[in-house]
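Asker: One structure coming up, written as structure tokens, with questions to follow.
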Amino acid sequence: QSALTQPASVSGSPGQSITISCTGTSSDVGGYNYVSWYQQHPGKAPKLMIYEVSNRPSGVSNRFSGSKSGNTASLTISGLQAEDEADYYCSSYTRSRTAVFGEGTKLTVL
Amino acid sequence: EVQLVESGGGLVQPGGSLRLSCAASGFTFRSYWMHWVRQVPGKGLVWVSSMDSDGSDTRYADSVKGRFTISRDNAKNTVYLQMNSLRAEDTAVYYCARGGSYLQDAIHMWGQGTMVTVSS
């Protein structure tokens with residue numbers, strides 16, 4: 001199972017919005033609404049930010065939103081803040097009854 | 001406190017074995033799928049293995065199939081990862097993680113990770 005494709009890096013200024021894409025296939029992202037997004041700060045464990053494409057866990061800011069079109073899922077962060085600077089990973093359930101993560105995207109807040 | 005605490009990591013020679021443990025607390029352990037995810041320092045997350053709530057269903061990444069075994073003891077609120085025939089490419093931080101009631105559910109909780117280094 002190959003990793004889902006994410007841009008290596010994205011950047012934005014405080015207050016701006018950014019979008020991170022996550023491209024898979026019809027056997028994973030495109031076939032199921034079980035895409036999740038995780039935030040990871042350096043030296044820390046990942047944290048769930050979005051589950052089932054567009055749902056936010058309790059306690060996650062509504063500045064984070066998710067969507068999906070075909071084989072590509074997206075994470076949008078609006079009103080960028082300094083503390084949003086981190087690595088972001090998407091993940092999807094697959095037809096093989098496994099999970100696959102994305103390659104990861106480093107978000108830099110300028 | 002709701003938490004997952006991994007242990008058992010360390011330095012092992014190629015071809016050797018290691019067993020990771022993950023102690024859960026603060027939630028009804030026997031109700032959830034449990035997962036192991038690894039991460040080479042500086043690299044991305046990689047799913048390794050999953051087990052359902054009663055231990056009857058297991059899943060493995062192709063890269064570890066036949067070498068790693070996931071198990072759990074619901075009486076002890078602990079999940080394990082037995083790693084045999086270890087290779088240099090298994091070197092990584094190993095995270096224990098709690099899923100949901102179904103395999104396809106997201107990972108809602110992560111441990112702090114334990115480092116495994118395979119080297120002679």
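Identifiers in the structure tokens: chain A, B, ... in order shown; residue index from 1 per chain; ligand index from 1 in order shown.
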Please return, as a PyMOL selection string, all residues of chain A that DSSP assigns to helix (DSSP H, G or I) on the basis of the backbone.

Answerer: chain A and resi 29-31+82-84

Asker: Restrict the selected residues to N, CA, C and O atoms and save them as an mmCIF file, in the first residue's frame.

Answerer:
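That gives us out-v3.cif:
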```cif
data_model
loop_
_atom_site.group_PDB
_atom_site.id
_atom_site.type_symbol
_atom_site.label_atom_id
_atom_site.label_comp_id
_atom_site.auth_asym_id
_atom_site.auth_seq_id
_atom_site.Cartn_x
_atom_site.Cartn_y
_atom_site.Cartn_z
ATOM 1 N N VAL A 29 -9.039 6.652 -0.357
ATOM 2 C CA VAL A 29 -9.705 7.947 -0.170
ATOM 3 C C VAL A 29 -11.019 8.033 -0.949
ATOM 4 O O VAL A 29 -12.052 8.449 -0.408
ATOM 5 N N GLY A 30 -10.976 7.641 -2.203
ATOM 6 C CA GLY A 30 -12.154 7.785 -3.047
ATOM 7 C C GLY A 30 -13.267 6.796 -2.762
ATOM 8 O O GLY A 30 -14.418 7.023 -3.149
ATOM 9 N N GLY A 31 -12.943 5.726 -2.070
ATOM 10 C CA GLY A 31 -13.917 4.670 -1.871
ATOM 11 C C GLY A 31 -14.648 4.702 -0.551
ATOM 12 O O GLY A 31 -15.656 4.007 -0.378
ATOM 13 N N ALA A 82 0.155 31.104 14.804
ATOM 14 C CA ALA A 82 1.515 30.585 14.959
ATOM 15 C C ALA A 82 1.522 29.146 15.461
ATOM 16 O O ALA A 82 2.347 28.336 15.024
ATOM 17 N N GLU A 83 0.598 28.824 16.348
ATOM 18 C CA GLU A 83 0.594 27.470 16.926
ATOM 19 C C GLU A 83 0.119 26.400 15.943
ATOM 20 O O GLU A 83 0.196 25.205 16.241
ATOM 21 N N ASP A 84 -0.349 26.821 14.765
ATOM 22 C CA ASP A 84 -0.747 25.843 13.746
ATOM 23 C C ASP A 84 0.470 25.271 13.031
ATOM 24 O O ASP A 84 0.349 24.271 12.315
#
```

Asker: Can you tell me which residues surround range 3-10 of chain A at a distance of at most 8 Å, considering only C-alpha atoms, apart from same-chain residues fewer than 2 positions away, and format the answer as a PyMOL selection string?

Answerer: chain A and resi 1+12+18+20-24+90-91+100-108

Asker: Pull N, CA, C and O atoms from the residues just selected and write them as a compact mmCIF listing (two decimals), in the first residue's frame.

Answerer:
```txt
# COMPACT_ATOMS: atom_id res chain seq x y z
N GLN A 1 0.84 -1.20 0.00
CA GLN A 1 0.00 0.00 0.00
C GLN A 1 0.87 1.24 0.00
O GLN A 1 1.64 1.47 0.95
N GLY A 12 1.85 29.97 4.98
CA GLY A 12 0.90 31.07 4.95
C GLY A 12 1.20 32.04 6.06
O GLY A 12 1.88 31.71 7.03
N ILE A 18 -5.03 28.26 4.45
CA ILE A 18 -4.26 27.35 3.61
C ILE A 18 -5.04 26.05 3.46
O ILE A 18 -5.88 25.71 4.28
N ILE A 20 -4.39 21.85 2.48
CA ILE A 20 -3.46 20.74 2.26
C ILE A 20 -4.24 19.63 1.57
O ILE A 20 -5.30 19.22 2.07
N SER A 21 -3.74 19.14 0.47
CA SER A 21 -4.41 18.08 -0.27
C SER A 21 -3.85 16.71 0.10
O SER A 21 -2.72 16.60 0.59
N CYS A 22 -4.65 15.70 -0.15
CA CYS A 22 -4.30 14.31 0.16
C CYS A 22 -4.91 13.44 -0.92
O CYS A 22 -6.13 13.25 -0.96
N THR A 23 -4.08 12.93 -1.81
CA THR A 23 -4.57 12.20 -2.97
C THR A 23 -4.29 10.71 -2.86
O THR A 23 -3.16 10.31 -2.61
N GLY A 24 -5.34 9.94 -3.04
CA GLY A 24 -5.21 8.49 -3.02
C GLY A 24 -5.83 7.88 -4.26
O GLY A 24 -5.67 8.41 -5.36
N CYS A 90 -2.64 13.00 6.55
CA CYS A 90 -3.96 12.44 6.31
C CYS A 90 -3.86 10.93 6.47
O CYS A 90 -2.77 10.36 6.49
N SER A 91 -5.00 10.30 6.62
CA SER A 91 -5.05 8.84 6.72
C SER A 91 -6.38 8.38 6.16
O SER A 91 -7.38 9.09 6.22
N VAL A 100 -3.85 3.58 5.72
CA VAL A 100 -2.68 4.15 5.04
C VAL A 100 -2.61 5.63 5.41
O VAL A 100 -3.63 6.32 5.49
N PHE A 101 -1.39 6.09 5.66
CA PHE A 101 -1.16 7.49 5.97
C PHE A 101 -0.61 8.22 4.75
O PHE A 101 -0.06 7.60 3.84
N GLY A 102 -0.76 9.53 4.79
CA GLY A 102 -0.13 10.36 3.77
C GLY A 102 1.34 10.58 4.08
O GLY A 102 1.83 10.23 5.16
N GLU A 103 2.03 11.17 3.12
CA GLU A 103 3.47 11.40 3.26
C GLU A 103 3.79 12.47 4.28
O GLU A 103 4.91 12.56 4.77
N GLY A 104 2.80 13.31 4.58
CA GLY A 104 3.00 14.38 5.55
C GLY A 104 3.29 15.71 4.89
O GLY A 104 3.95 15.76 3.84
N THR A 105 2.78 16.77 5.48
CA THR A 105 2.98 18.14 4.98
C THR A 105 3.44 19.03 6.12
O THR A 105 2.80 19.07 7.17
N LYS A 106 4.53 19.72 5.89
CA LYS A 106 5.03 20.66 6.89
C LYS A 106 4.42 22.02 6.65
O LYS A 106 4.60 22.61 5.58
N LEU A 107 3.67 22.50 7.62
CA LEU A 107 3.05 23.82 7.54
C LEU A 107 3.93 24.84 8.25
O LEU A 107 4.23 24.69 9.43
N THR A 108 4.31 25.87 7.51
CA THR A 108 5.08 26.97 8.08
C THR A 108 4.21 28.22 8.13
O THR A 108 3.60 28.59 7.12
```

Asker: Set the cut-off to 10 Å and count only C-alpha atoms: what are the residues of chain A that reach chain B? Output as a ChimeraX atom specification.

Answerer: /A:1,3,32-38,42-52,57,87-94,96-105

Asker: Which of chain B counts as strand (DSSP E or B) under DSSP, as JSON, numbers by chain please?

Answerer: {"B": [3, 4, 5, 6, 7, 10, 11, 12, 18, 19, 20, 21, 22, 23, 24, 25, 34, 35, 36, 37, 38, 39, 45, 46, 47, 48, 49, 50, 51, 58, 59, 60, 68, 69, 70, 71, 72, 73, 78, 79, 80, 81, 82, 83, 92, 93, 94, 95, 96, 97, 98, 109, 110, 114, 115, 116, 117, 118]}

Asker: Would you pick out the contacts of Tyr94 in chain B at 7 Å or less, using only C-alpha atoms, so that residues sharing its chain but fewer than 5 positions from it are not included, and give the list as a PyMOL selection string?

Answerer: chain B and resi 36-39+113-115

Asker: Residues within 12 Å of range 69-73 of chain B, please, as a PyMOL selection string. Count only C-alpha atoms; anything in the same chain fewer than 6 positions from it doesn't count.

Answerer: chain B and resi 17-24+29-30+32-37+48-61+79-85+96

Asker: Using only N, CA and C atoms, please write the residues we just selected to a file, as a compact mmCIF listing (two decimals), in the first residue's frame.

Answerer:
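Below you can see part-v6.txt, which holds the result:
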```
# COMPACT_ATOMS: atom_id res chain seq x y z
N SER B 17 14.60 -10.03 18.60
CA SER B 17 13.20 -9.87 18.93
C SER B 17 13.02 -8.84 20.04
N LEU B 18 11.82 -8.28 20.06
CA LEU B 18 11.48 -7.30 21.08
C LEU B 18 9.97 -7.34 21.25
N ARG B 19 9.48 -7.14 22.47
CA ARG B 19 8.04 -7.05 22.69
C ARG B 19 7.70 -5.69 23.29
N LEU B 20 6.86 -4.97 22.58
CA LEU B 20 6.37 -3.69 23.07
C LEU B 20 5.07 -3.91 23.83
N SER B 21 4.89 -3.12 24.87
CA SER B 21 3.65 -3.14 25.64
C SER B 21 3.05 -1.75 25.65
N CYS B 22 1.74 -1.70 25.78
CA CYS B 22 1.03 -0.42 25.85
C CYS B 22 -0.07 -0.56 26.90
N ALA B 23 0.09 0.14 28.00
CA ALA B 23 -0.89 0.09 29.08
C ALA B 23 -1.89 1.23 28.93
N ALA B 24 -3.15 0.86 28.93
CA ALA B 24 -4.21 1.84 28.77
C ALA B 24 -4.89 2.13 30.10
N PHE B 29 -11.13 -0.06 27.86
CA PHE B 29 -10.18 -0.62 26.91
C PHE B 29 -10.82 -1.69 26.03
N ARG B 30 -11.59 -2.57 26.59
CA ARG B 30 -12.12 -3.73 25.86
C ARG B 30 -13.13 -3.35 24.78
N TYR B 32 -12.54 -1.03 22.31
CA TYR B 32 -11.92 -0.33 21.18
C TYR B 32 -10.94 -1.18 20.39
N TRP B 33 -10.87 -0.90 19.10
CA TRP B 33 -9.75 -1.36 18.28
C TRP B 33 -8.50 -0.65 18.79
N MET B 34 -7.38 -1.38 18.74
CA MET B 34 -6.10 -0.81 19.11
C MET B 34 -5.14 -0.96 17.93
N HIS B 35 -4.24 0.01 17.79
CA HIS B 35 -3.35 0.07 16.65
C HIS B 35 -1.91 0.31 17.09
N TRP B 36 -0.98 -0.07 16.23
CA TRP B 36 0.41 0.33 16.34
C TRP B 36 0.78 1.08 15.05
N VAL B 37 1.40 2.22 15.23
CA VAL B 37 1.85 3.06 14.13
C VAL B 37 3.30 3.42 14.41
N VAL B 48 1.11 0.05 11.18
CA VAL B 48 1.80 -1.23 11.34
C VAL B 48 0.81 -2.38 11.53
N SER B 49 -0.10 -2.22 12.50
CA SER B 49 -0.96 -3.35 12.85
C SER B 49 -2.16 -2.88 13.65
N SER B 50 -3.23 -3.68 13.61
CA SER B 50 -4.46 -3.35 14.36
C SER B 50 -5.09 -4.62 14.89
N MET B 51 -5.79 -4.47 16.00
CA MET B 51 -6.52 -5.60 16.59
C MET B 51 -7.87 -5.12 17.09
N ASP B 52 -8.90 -5.94 16.90
CA ASP B 52 -10.23 -5.54 17.34
C ASP B 52 -10.38 -5.71 18.86
N SER B 53 -11.55 -5.34 19.33
CA SER B 53 -11.76 -5.20 20.76
C SER B 53 -11.61 -6.50 21.55
N ASP B 54 -11.97 -7.63 20.94
CA ASP B 54 -11.88 -8.88 21.70
C ASP B 54 -10.72 -9.76 21.23
N GLY B 55 -9.89 -9.24 20.32
CA GLY B 55 -8.71 -9.98 19.89
C GLY B 55 -8.95 -10.99 18.80
N SER B 56 -10.12 -10.99 18.21
CA SER B 56 -10.43 -12.01 17.21
C SER B 56 -10.06 -11.60 15.79
N ASP B 57 -9.78 -10.35 15.55
CA ASP B 57 -9.48 -9.85 14.21
C ASP B 57 -8.21 -9.03 14.26
N THR B 58 -7.25 -9.40 13.41
CA THR B 58 -5.98 -8.68 13.37
C THR B 58 -5.65 -8.30 11.93
N ARG B 59 -4.94 -7.20 11.77
CA ARG B 59 -4.51 -6.72 10.48
C ARG B 59 -3.05 -6.31 10.57
N TYR B 60 -2.30 -6.51 9.47
CA TYR B 60 -0.88 -6.18 9.46
C TYR B 60 -0.50 -5.50 8.16
N ALA B 61 0.45 -4.58 8.24
CA ALA B 61 1.06 -4.05 7.03
C ALA B 61 1.90 -5.15 6.39
N VAL B 79 -2.12 -3.77 25.35
CA VAL B 79 -1.92 -4.31 24.01
C VAL B 79 -0.42 -4.48 23.80
N TYR B 80 -0.07 -5.50 23.03
CA TYR B 80 1.33 -5.84 22.81
C TYR B 80 1.66 -5.87 21.33
N LEU B 81 2.95 -5.72 21.04
CA LEU B 81 3.45 -5.95 19.69
C LEU B 81 4.72 -6.77 19.82
N GLN B 82 4.63 -8.04 19.44
CA GLN B 82 5.79 -8.92 19.43
C GLN B 82 6.48 -8.76 18.09
N MET B 83 7.74 -8.36 18.12
CA MET B 83 8.48 -8.10 16.89
C MET B 83 9.64 -9.08 16.79
N ASN B 84 9.59 -9.93 15.78
CA ASN B 84 10.64 -10.92 15.55
C ASN B 84 11.37 -10.63 14.25
N SER B 85 12.51 -11.25 14.07
CA SER B 85 13.31 -11.10 12.84
C SER B 85 13.47 -9.63 12.47
N CYS B 96 1.51 3.43 20.17
CA CYS B 96 0.28 2.70 20.44
C CYS B 96 -0.86 3.71 20.29
```

Asker: Applying 9 Å and only C-alpha atoms, which residues near Ser13 in chain A remain after dropping the ones on its own chain fewer than 5 positions away? List them as number ranges by chain.

Answerer: A: 79-82, 108-110

Asker: Have a look at CA of Val116 in chain B and CA of Asp28 in chain A and let me know their distance in Å, one decimal.

Answerer: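 CA of Val116 in chain B sits 29.2 Å away from CA of Asp28 in chain A.
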
Asker: Nearest to Pro14 in chain B: which of B:Ser101, B:Val40, B:Ala92, B:Thr117 is it, counting only C-alpha atoms?

Answerer: B:Thr117

Asker: Give me the residues near Val12 in chain B as a list in words, where near means some atom within 10 Å (using only C-alpha atoms) and where sequence neighbours in that chain fewer than 6 positions away do not count.

Answerer: Leu18, Leu86, Arg87, Ala88, Thr91, Val116, Thr117, Val118, Ser119 and Ser120 of chain B

Asker: Next, dump the selected residues to file, keeping only C-alpha atoms, as a short mmCIF file (atom, residue, chain, number, x, y, z; two decimals), in the first residue's frame.

Answerer:
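Final output, saved to again_6.cif:
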```
data_model
loop_
_atom_site.label_atom_id
_atom_site.label_comp_id
_atom_site.auth_asym_id
_atom_site.auth_seq_id
_atom_site.Cartn_x
_atom_site.Cartn_y
_atom_site.Cartn_z
CA LEU B 18 11.48 -7.30 21.08
CA LEU B 86 13.93 -7.41 13.25
CA ARG B 87 15.62 -5.48 10.46
CA ALA B 88 17.39 -2.14 10.34
CA THR B 91 14.06 1.27 13.45
CA VAL B 116 13.12 0.86 18.73
CA THR B 117 16.61 0.79 17.26
CA VAL B 118 17.77 -2.21 15.24
CA SER B 119 21.53 -2.10 14.87
CA SER B 120 24.61 -4.21 15.38
#
```
